[in-house]
Structure formats: structure tokens, C-alpha cells
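Scroll down for the structure; my scribbles are underneath it.
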Protein chains: 2
Amino acid sequence: MNQITVHSPATVANVVCGFDILGFALNEPNDELTISLSDVRGVTIINEDDYQLPTKAEDNVSGAALLALLSETPDIKGFQLISKKNIKPGSGIGSSAASAAGSVVAANILLNNRFSKEDLVRFAMFGEKVASGVKHADNIAPAIYGGVTLIRSIFPLDVISIDAPELYVTIVHPQIEVKTSDARQILKQRILLKDAIKQWGNIAGLVAGFINHDYDLIGRSLEDVIIEPVRSILIPGFDEIKLKCKEAGALGGGISGSGPSIFMLSQHASTAKIVEDVMKDIYNRIGLAYHTHVTTINKQGVKQIVL
Amino acid sequence: MNQITVHSPATVANVVCGFDILGFALNEPNDELTISLSDVRGVTIINEDDYQLPTKAEDNVSGAALLALLSETPDIKGFQLISKKNIKPGSGIGSSAASAAGSVVAANILLNNRFSKEDLVRFAMFGEKVASGVKHADNIAPAIYGGVTLIRSIFPLDVISIDAPELYVTIVHPQIEVKTSDARQILKQRILLKDAIKQWGNIAGLVAGFINHDYDLIGRSLEDVIIEPVRSILIPGFDEIKLKCKEAGALGGGISGSGPSIFMLSQHASTAKIVEDVMKDIYNRIGLAYHTHVTTINKQGVKQIVL
């Protein structure tokens with residue numbers, strides 16, 4: 001095989017009480033990435049979308065991730081990558097992670113899977129560093145592993161797949177810009193111990209709820225007393241959306257990644273559709289443009305497709 | 001039945017990275033509590049041990065818990081409680097919780113189980129308030145529910161039983177006094193967000209490790225970057241014991257409750273015995289008196305016994 005095409009999924013990081021440690025992959029939307037070996041040293045990037053992302057490898061999320069991989073493959077001269085992004089950069093559903101994760105998974109298939117998933121996370125984090133200045137894995141790990149993933153530790157990397165029941169995910173992306181670096185900067189460096197205790201009670205409950213397929217417990221645990229109160233002020237309509245979506249039957253939800261997208265989890269497809277309508281109504285009334293997605297958790301992660 | 005006797009277990013609270021939210025019950029040691037209805041209003045306490053605990057109900061841990069229960073049983077005039085404590089007060093393995101939990105569970109059996117486990121936790125917390133000034137449930141909940149319990153939230157109370165694999169527990173109780181109130185006072189009210197993130201990564205890993213019976217993950221997650229560095233300075237030999245016990249094969253461990261007892265978890269009984277020897281050697285060398293216990297997790301909690 002001399003050319004591999006993959007679909008690389010959007011992801012929800014943080015997951016309310018799991019700031020910097022939890023994420024899950026979505027079945028929609030996906031980026032489409034096609035990779036082949038190249039005689040040109042380094043990474044040649046061809047963007048087939050309208051986002052005008054950089055084509056210089058070092059400045060490109062996919063490029064940086066592939067360069068990291070290339071640094072451990074002395075037998076390979078270079079790659080050519082064709083990128084068709086469907087996940088809008090800056091949406092808060094892991095656009096950069098989809099580029100980084102998809103590129104290295106595709107490259108690894110081309111190389112007969114010589115690297116482990118942990119290696120691929122390690123490479124892809126170089127892409128995240130280009131995007132946000134920080135090597136974080138809470139979008140990359142679920143994109144590569146699929147499902148819900150816990151990043152217990154980054155250094156050393158410790159990724160744990162967390163079983164979860166069937167869940168429907170409703171996403172709304174209000175068309176405003178929240179830079180990850182800004183969203184990070186407004187966070188307080190010090191927090192109250194009593195708030196931290198609440199947070200680790202909730203993350204413990206959320207993990208138990210996922211593994212035990214306990215929907216009620218998942219709902220009760222989707223509470224964030226530390227990050228959300230600070231970041232949600234950047235997202236118009238956030239409090240109303242959260243309240244009304246829960247009234248409409250959603251288990252709970254919150255900011256996706258660093259925003260501005262908001263996600264809600266539901267036990268049933270029908271509820272997830274009602275939740276979508278609630279979101280639409282509120283942003284229609286506010287007069288803010290938006291996109292919505294109703295999807296499920298992607299258990300496989302990046303997957304090879306045949307064009 | 002007009003008299004009920006129970007064994008009420010020692011418990012390990014906090015469990016390293018689960019400060020204030022996690023605990024588990026032990027098969028040894030146990031307090032023995034015998035309760036009967038009384039025509040005397042309130043709670044009459046008879047202590048059959050050498051600890052000279054208060055006998056006035058309001059000042060006694062069992063008494064306060066039973067008074068809370070009595071406030072919701074207008075048909076019952078009073079109880080007589082005979083208390084034989086084997087769990088030394090101030091040891092850090094839930095001596096007060098054993099008194100409080102055992103008393104209300106015994107009373108509830110006498111009353112044909114009219115209260116739920118959650119009610120009993122609620123009553124028993126009045127006992128903890130007498131003991132430490134704070135209504136906490138991380139010893140009481142495992143004593144009442146058995147096994148490993150997560151207290152996701154105290155107000156409202158949300159106790160979740162966490163499945164766990166077979167684990168052997170080695171405890172060493174150095175004969176020094178650490179008051180819970182002192183151990184609480186030296187904690188910082190504010191902590192670094194980056195430390196909190198590590199902590200909630202670890203508690204998420206620990207819960208996943210327990211439920212998935214993943215011993216390695218349990219071991220990797222038994223790390224506390226917030227409480228242990230502050231409190232362990234109150235316990236002579238702590239760092240050496242932890243290091244040497246892990247070298248000897250323990251999965252990990254740390255301060256039991258607010259100390260001074262130290263607990264270690266092992267996958268095998270033989271390791272737990274070796275770990276006990278390591279603890280003994282260190283305190284023999286230091287020249288500090290101690291008690292040790294090698295036991296397992298008590299899955300049932302407080303249990304009725306026939307004398």
C-alpha cells in the first residue's frame with residue numbers, strides 16, 4: 001500500500017470535571033487525511049479545504065506531529081499529506097488533535113504499525129504544541145485510542161481506556177472565537193482545597209459511572225466547580241443552555257475542551273435531538289450563528305477508509 | 001430479639017489520592033458493640049475497655065450517633081450500649097467511625113432495619129462531629145457499606161460502592177498521637193491547580209484500577225502530591241517505610257486517614273506479610289513502639305455476631 005486515507009475524529013476534552021485528564025472521541029465530524037511516502041525530505045502538506053492553515057511542516061499541526069515521527073524513522077525520507085478538514089479550527093472539539101492524531105496514525109499504517117499507540121500520542125502531542133503552546137493529550141488520546149480515555153499522567157505518559165455505556169452527544173458550536181491560550185490564561189493558578197475535593201469526588205464518580213454504565217451517576221458527577229465558572233463567561237448563553245438542556249433530559253454536559261463549543265450527553269437518541277433543538281432555540285433568540293452535531297461516542301478512534 | 005451484638009470494622013480513609021472522598025473497610029481489627037432497648041430516655045453507655053471514653057451520650061461518639069437516630073424514632077425511648085473497643089482511639093484507622101457506625105447499624109437491626117444505609121451514614125456522622133469537629137463520612141461509609149466506598153458528595157450525601165479485587169492490607173500504627181484536628185489544620189487552604197490536576201488524574205486512575213481489577217494501575221495511581229507531603233512529616237519514618245514497602249512488592253500505600261497509621265496494599269498475602277516485616281524492622285531500628293495488622297478488605301461492613 002503506498003497511500004493511506006483515514007478519518008480522524010473530533011473529540012471532547014475535559015468532560016466537565018476531568019480538566020486536562022479526560023476526553024472522548026466522536027463519530028462525527030471527522031477530518032480526512034491521506035498520506036503517502038515521499039522522496040522529498042520532511043513533510044509536504046497539501047491543504048484541500050478553505051482554512052488556509054500553514055503548509056510549512058514546522059508550523060503545521062500535522063507537520064509537527066509527522067516530523068516527530070520521522071525523527072524516529074531513519075529509513076523514511078518524507079511524507080506527503082493531503083488534508084481535508086471538516087472540523088473547524090478553534091471550535092473546541094479537537095480540530096488540531098484530529099490533524100495531529102490522524103496524520104501519525106495514517107503514517108503508522110503506512111509503516112506497518114511499527115509504533116505503539118503510546119508512541120503515536122507522544123508524536124501527536126508535538127502537533128498540539130504548535131496549536132496551543134502546550135503538549136496536552138486529552139484530545140489526542142481519545143482520537144487515537146477511541147472511546148473515553150483517561151490521561152492519568154502526561155510525563156510519563158499513562159493513557160487508560162475507560163469503558164462507557166452507549167451515550168448520545170449533542171454539540172453546539174457558537175461562531176465566536178475562544179483561543180485555547182486565552183482560555184488557559186484566565187484560569188487561576190491556585191484553587192481552594194475544598195473545591196478540589198469536590199472536583200475529585202466528581203471525577204471519581206464520573207469514572208465509576210462510565211465503567212458501571214450508571215447513567216444517573218454520570219449525570220450527578222458532571223459538575224465542575226473550578227474551571228467552568230471561570231471559562232463559561234466567555235461563552236454567550238452558556239448557563240441557560242446548560243440549564244435548559246438538563247431540563248430537557250440531558251444527563252449533563254458543559255464546555256467542550258476550552259470552548260466555545262458546548263456538549264451535552266444523553267442516554268437516548270431522541271433526547272439528544274430534543275437537546276439540539278433547545279440549543280438552536282437559544283442561539284436563534286440570542287442571534288448568534290452556530291453549528292450543531294448530534295452523534296455518538298466513537299469507540300475506534302482514527303480509522304482507515306477506502307476512498 | 002432484644003439485644004444485638006455487632007463487630008464494627010476499622011477503616012482506611014483518604015486512600016492516598018482520595019482525600020475526604022474514599023475509604024475502605026478492614027476485616028481486622030473490630031470493635032464489639034451490644035445494644036438493647038432501654039426504658040431510660042436517651043443513650044446509656046457502658047464502656048467495657050480501658051480507653052476511658054466519655055459515658056455522657058452527647059460527648060460520646062456512639063452516643064451522639066444514637067441520639068441522632070433517636071431523634072427520628074419517636075416510638076423508642078432509649079438504648080443501652082455496651083462498647084468493647086479493640087480499635088485504639090487516635091490510631092488513624094477509623095476508631096470513632098467504628099463506634100458510630102457500629103452503634104447505629106446495631107440499633108437499626110434492633111428496629112427491624114427501618115432505616116436505609118444512607119440514613120445510617122447521616123446519623124453516624126454526628127458521632128464523627130463529636131470526635132473531630134467535622135462531619136465526614138470517609139470512614140463511616142465503608143464501615144456501613146463494606147468494601148471500597150466513594151463519597152462523591154457529603155451535602156447531599158452520595159455514597160457509591162466501588163468494586164475492588166482481592167487486596168491484602170498491611171497496617172502499622174506507630175504509638176504516637178496525631179490529632180485529626182491538628183492534621184487538618186496544617187493543610188493549606190489553597191493548592192496549585194497543576195497539583196490538583198495530578199491528584200484528580202490519580203483518583204480517576206485508582207477508581208478505574210479498582211473496578212477493572214487492574215493491580216498495576218492501582219499501584220501507579222497511589223500517589224498523593226497534596227496532602228501526604230504536608231502530613232507525612234508528622235509520622236516518623238514515613239518516607240522510608242513507603243519506599244521500602246514498595247521495594248518489597250507492595251502496590252503502594254500511604255497515610256491511613258489523618259495518621260499516624262500507615263497502610264500498604266498488596267496483591268498477595270505473602271507480600272503483605274513481608275511488608276509487615278519491613279515496617280517492623282524500621283520501627284524497631286527507630287525505637288518507636290508500634291502495632292501491626294495484616295488483613296483484607298471487609299466487603300460486608302458492620303456485621304451482626306452471635307456471642
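Convention: chains lettered A, B, ... in C-alpha cells order; per-chain residue numbering from 1; ligands numbered from 1 as shown.
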**Message:** Applying 12 Å and only C-alpha atoms, which residues near Tyr290 in chain B remain after dropping the ones on its own chain fewer than 2 positions away? List them as a list in words.
**Reply:**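 So, after excluding close chain neighbours, the residues are Lys88, Ser91, Ile171, Val172, His173, Pro174, Gln175, Ile176, Glu177, Pro236, Pro260, Ser261, Ile262, Glu276, Met279, Lys280, Asp281, Ile282, Tyr283, Asn284, Arg285, Ile286, Gly287, Leu288, Thr292 and His293 of chain B.
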Let me see the file: selected residues, C-alpha atoms, as a PDB file, in the first residue's frame.
ATOM      1  CA  LYS B  88      -7.402   2.255  69.616  1.00  0.00           C
ATOM      2  CA  SER B  91      -4.828   5.379  65.542  1.00  0.00           C
ATOM      3  CA  ILE B 171      -1.158  -1.528  58.661  1.00  0.00           C
ATOM      4  CA  VAL B 172       1.420  -0.192  61.057  1.00  0.00           C
ATOM      5  CA  HIS B 173       0.357   2.025  63.912  1.00  0.00           C
ATOM      6  CA  PRO B 174       3.318   3.807  65.471  1.00  0.00           C
ATOM      7  CA  GLN B 175       2.424   4.683  69.046  1.00  0.00           C
ATOM      8  CA  ILE B 176       2.431   8.440  68.681  1.00  0.00           C
ATOM      9  CA  GLU B 177      -0.525  10.780  68.805  1.00  0.00           C
ATOM     10  CA  PRO B 236       8.453   9.328  61.933  1.00  0.00           C
ATOM     11  CA  PRO B 260      -0.343   8.127  62.342  1.00  0.00           C
ATOM     12  CA  SER B 261      -1.122   4.654  60.950  1.00  0.00           C
ATOM     13  CA  ILE B 262       0.383   3.810  57.573  1.00  0.00           C
ATOM     14  CA  GLU B 276       4.757  -6.160  57.769  1.00  0.00           C
ATOM     15  CA  MET B 279       7.565  -1.988  58.800  1.00  0.00           C
ATOM     16  CA  LYS B 280       8.590  -3.775  62.000  1.00  0.00           C
ATOM     17  CA  ASP B 281      12.291  -3.609  61.138  1.00  0.00           C
ATOM     18  CA  ILE B 282      12.130   0.131  60.544  1.00  0.00           C
ATOM     19  CA  TYR B 283      10.259   0.981  63.756  1.00  0.00           C
ATOM     20  CA  ASN B 284      12.454  -1.440  65.752  1.00  0.00           C
ATOM     21  CA  ARG B 285      15.503   0.391  64.445  1.00  0.00           C
ATOM     22  CA  ILE B 286      13.957   3.829  65.114  1.00  0.00           C
ATOM     23  CA  GLY B 287      12.971   2.580  68.568  1.00  0.00           C
ATOM     24  CA  LEU B 288       9.303   3.521  68.343  1.00  0.00           C
ATOM     25  CA  THR B 292       0.765  -4.041  63.009  1.00  0.00           C
ATOM     26  CA  HIS B 293      -2.184  -5.727  61.307  1.00  0.00           C
TER      27      HIS B 293
END
**Request:** Provide as number ranges by chain the residues of chain A at most 6 Å from chain B, counting only C-alpha atoms.
**Result:** A: 21, 152, 189-193, 200-202, 204
Same residues, C-alpha atoms, output as an mmCIF file, in the first residue's frame:
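The new file again10.cif reads:
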data_model
loop_
_atom_site.group_PDB
_atom_site.id
_atom_site.type_symbol
_atom_site.label_atom_id
_atom_site.label_comp_id
_atom_site.auth_asym_id
_atom_site.auth_seq_id
_atom_site.Cartn_x
_atom_site.Cartn_y
_atom_site.Cartn_z
ATOM 1 C CA ILE A 21 -7.172 14.319 32.085
ATOM 2 C CA ARG A 152 -3.593 9.788 34.325
ATOM 3 C CA GLN A 189 -3.104 29.133 39.327
ATOM 4 C CA ARG A 190 -4.277 28.404 42.852
ATOM 5 C CA ILE A 191 -7.613 26.928 43.828
ATOM 6 C CA LEU A 192 -9.356 26.175 47.105
ATOM 7 C CA LEU A 193 -8.658 22.734 48.554
ATOM 8 C CA TRP A 200 -12.005 14.803 42.613
ATOM 9 C CA GLY A 201 -15.197 13.390 44.129
ATOM 10 C CA ASN A 202 -16.916 14.156 40.852
ATOM 11 C CA ALA A 204 -14.133 9.587 40.690
#
**Message:** So that I can check the surroundings of range 69-80 of chain B, please list as a PyMOL selection string every protein, DNA and RNA residue that reaches within 9 Å of it, counting only C-alpha atoms and ignoring chain neighbours fewer than 4 positions away.
**Reply:** chain B and resi 34-46+64-65+104+107-108+119-120+122-124
**Prompt:** Residues at most 12 Å from Glu247 in chain B, counting only C-alpha atoms, excluding those fewer than 2 positions away in the same chain, as a list in words?
**Reply:** Glu240, Ile241, Lys242, Leu243, Lys244, Cys245, Gly249, Ala250, Leu251, Gly252, Met264, Ser266, Thr271, Ile274, Val275 and Val278 of chain B
**Request:** Within range 52-255 of chain A, find each residue whose DSSP state, derived from the backbone, is helix (DSSP H, G or I), and express the selection as a PyMOL selection string.
**Result:** chain A and resi 57-59+61-70+95-110+117-132+140-145+180-185+193-211+215-221+228-234+238-247
Which of range 118-216 of chain B counts as strand (DSSP E) under DSSP, as a PDB file with N, CA and C atoms, in the first residue's frame please?
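Wrote it out as result.pdb, contents follow:
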ATOM      1  N   VAL B 148     -14.903  -0.896  49.298  1.00  0.00           N
ATOM      2  CA  VAL B 148     -14.367   0.425  48.991  1.00  0.00           C
ATOM      3  C   VAL B 148     -15.556   1.333  48.695  1.00  0.00           C
ATOM      4  N   THR B 149     -15.607   2.479  49.336  1.00  0.00           N
ATOM      5  CA  THR B 149     -16.718   3.392  49.048  1.00  0.00           C
ATOM      6  C   THR B 149     -16.196   4.772  48.674  1.00  0.00           C
ATOM      7  N   LEU B 150     -16.902   5.335  47.710  1.00  0.00           N
ATOM      8  CA  LEU B 150     -16.649   6.703  47.275  1.00  0.00           C
ATOM      9  C   LEU B 150     -17.731   7.586  47.867  1.00  0.00           C
ATOM     10  N   ILE B 151     -17.334   8.667  48.532  1.00  0.00           N
ATOM     11  CA  ILE B 151     -18.309   9.655  48.975  1.00  0.00           C
ATOM     12  C   ILE B 151     -18.184  10.814  47.994  1.00  0.00           C
ATOM     13  N   ARG B 152     -18.994  10.762  46.933  1.00  0.00           N
ATOM     14  CA  ARG B 152     -18.885  11.781  45.885  1.00  0.00           C
ATOM     15  C   ARG B 152     -19.239  13.144  46.432  1.00  0.00           C
ATOM     16  N   SER B 153     -20.205  13.152  47.340  1.00  0.00           N
ATOM     17  CA  SER B 153     -20.661  14.408  47.913  1.00  0.00           C
ATOM     18  C   SER B 153     -21.202  14.132  49.315  1.00  0.00           C
ATOM     19  N   ASP B 158     -23.909  11.320  48.869  1.00  0.00           N
ATOM     20  CA  ASP B 158     -23.907  10.450  47.691  1.00  0.00           C
ATOM     21  C   ASP B 158     -22.780   9.430  47.856  1.00  0.00           C
ATOM     22  N   VAL B 159     -23.145   8.244  48.323  1.00  0.00           N
ATOM     23  CA  VAL B 159     -22.171   7.181  48.587  1.00  0.00           C
ATOM     24  C   VAL B 159     -22.254   6.152  47.474  1.00  0.00           C
ATOM     25  N   ILE B 160     -21.118   5.801  46.893  1.00  0.00           N
ATOM     26  CA  ILE B 160     -21.079   4.842  45.787  1.00  0.00           C
ATOM     27  C   ILE B 160     -20.139   3.698  46.147  1.00  0.00           C
ATOM     28  N   SER B 161     -20.639   2.472  46.104  1.00  0.00           N
ATOM     29  CA  SER B 161     -19.781   1.305  46.351  1.00  0.00           C
ATOM     30  C   SER B 161     -18.924   1.057  45.121  1.00  0.00           C
ATOM     31  N   ILE B 162     -17.631   0.915  45.355  1.00  0.00           N
ATOM     32  CA  ILE B 162     -16.683   0.693  44.260  1.00  0.00           C
ATOM     33  C   ILE B 162     -16.190  -0.749  44.362  1.00  0.00           C
ATOM     34  N   TYR B 168      -4.644  -7.349  49.910  1.00  0.00           N
ATOM     35  CA  TYR B 168      -4.167  -7.551  51.276  1.00  0.00           C
ATOM     36  C   TYR B 168      -3.664  -6.210  51.797  1.00  0.00           C
ATOM     37  N   VAL B 169      -4.011  -5.954  53.045  1.00  0.00           N
ATOM     38  CA  VAL B 169      -3.702  -4.654  53.642  1.00  0.00           C
ATOM     39  C   VAL B 169      -2.779  -4.864  54.835  1.00  0.00           C
ATOM     40  N   THR B 170      -1.665  -4.171  54.822  1.00  0.00           N
ATOM     41  CA  THR B 170      -0.774  -4.175  55.981  1.00  0.00           C
ATOM     42  C   THR B 170      -0.831  -2.793  56.616  1.00  0.00           C
ATOM     43  N   ILE B 171      -1.046  -2.790  57.931  1.00  0.00           N
ATOM     44  CA  ILE B 171      -1.158  -1.528  58.661  1.00  0.00           C
ATOM     45  C   ILE B 171      -0.076  -1.500  59.726  1.00  0.00           C
ATOM     46  N   VAL B 172       0.573  -0.373  59.873  1.00  0.00           N
ATOM     47  CA  VAL B 172       1.420  -0.192  61.057  1.00  0.00           C
ATOM     48  C   VAL B 172       0.951   1.061  61.781  1.00  0.00           C
ATOM     49  N   HIS B 173       0.795   0.912  63.078  1.00  0.00           N
ATOM     50  CA  HIS B 173       0.357   2.025  63.912  1.00  0.00           C
ATOM     51  C   HIS B 173       1.467   2.398  64.888  1.00  0.00           C
ATOM     52  N   PRO B 174       2.283   3.374  64.531  1.00  0.00           N
ATOM     53  CA  PRO B 174       3.318   3.807  65.471  1.00  0.00           C
ATOM     54  C   PRO B 174       2.640   4.491  66.665  1.00  0.00           C
ATOM     55  N   ARG B 190      -5.346  26.683  50.125  1.00  0.00           N
ATOM     56  CA  ARG B 190      -5.256  26.828  48.672  1.00  0.00           C
ATOM     57  C   ARG B 190      -4.159  25.935  48.146  1.00  0.00           C
ATOM     58  N   ILE B 191      -4.403  25.331  47.002  1.00  0.00           N
ATOM     59  CA  ILE B 191      -3.414  24.447  46.398  1.00  0.00           C
ATOM     60  C   ILE B 191      -3.223  24.855  44.944  1.00  0.00           C
ATOM     61  N   LEU B 192      -2.122  24.380  44.364  1.00  0.00           N
ATOM     62  CA  LEU B 192      -1.866  24.705  42.958  1.00  0.00           C
ATOM     63  C   LEU B 192      -2.795  23.902  42.049  1.00  0.00           C
TER      64      LEU B 192
END
**Message:** Could you list, as a list in words, every residue within 12 Å of Lys299 in chain B, counting only C-alpha atoms and ignoring same-chain residues fewer than 5 positions away?
**Reply:**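 Answer for this query is Pro9, Thr11, Phe24, Ala25, Leu26, Asn27, Glu28, Pro142, Ala143, Ile144, Tyr145, Gly146, Gly147, Val148, Thr149, Ser161, Ile162, Asp163, Ala164, Pro165, Glu166 and Leu167 of chain B.
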**Asked** Which residues, written as a PyMOL selection string, have at least one atom at most 7 Å from Ala131 in chain A, with only C-alpha atoms counted and residues fewer than 2 positions away on the same chain left out?
**Response** chain A and resi 61+96+127-129+133
Could you dump the residues just selected with N, CA and C atoms as a short mmCIF file (atom, residue, chain, number, x, y, z; two decimals), in the first residue's frame?
data_model
loop_
_atom_site.label_atom_id
_atom_site.label_comp_id
_atom_site.auth_asym_id
_atom_site.auth_seq_id
_atom_site.Cartn_x
_atom_site.Cartn_y
_atom_site.Cartn_z
N VAL A 61 0.17 21.67 12.36
CA VAL A 61 -0.07 20.69 13.42
C VAL A 61 0.27 19.28 12.95
N SER A 96 -7.27 20.52 16.11
CA SER A 96 -5.82 20.30 15.96
C SER A 96 -5.45 18.85 16.30
N GLY A 127 2.18 18.19 17.67
CA GLY A 127 1.20 18.97 16.92
C GLY A 127 0.41 19.89 17.84
N GLU A 128 -0.03 19.36 18.98
CA GLU A 128 -0.77 20.18 19.93
C GLU A 128 0.08 21.35 20.42
N LYS A 129 1.38 21.10 20.52
CA LYS A 129 2.25 22.18 20.99
C LYS A 129 2.26 23.33 19.98
N GLY A 133 0.62 25.75 22.20
CA GLY A 133 1.78 26.04 23.04
C GLY A 133 1.99 25.04 24.15
#
**Message:** Taking 6 positions as the minimum chain separation for residues in the same chain, which residues sit within 10 Å of Val178 in chain A when counting only C-alpha atoms? Answer as a VMD selection string.
**Reply:** chain A and resid 90 to 92 231 234 to 235 258 to 261
**Prompt:** Between A:Ser256, A:Asp216, A:Arg184, A:Ser270, which has the minimum distance to Val230 in chain A (counting only C-alpha atoms)?
**Reply:** A:Arg184
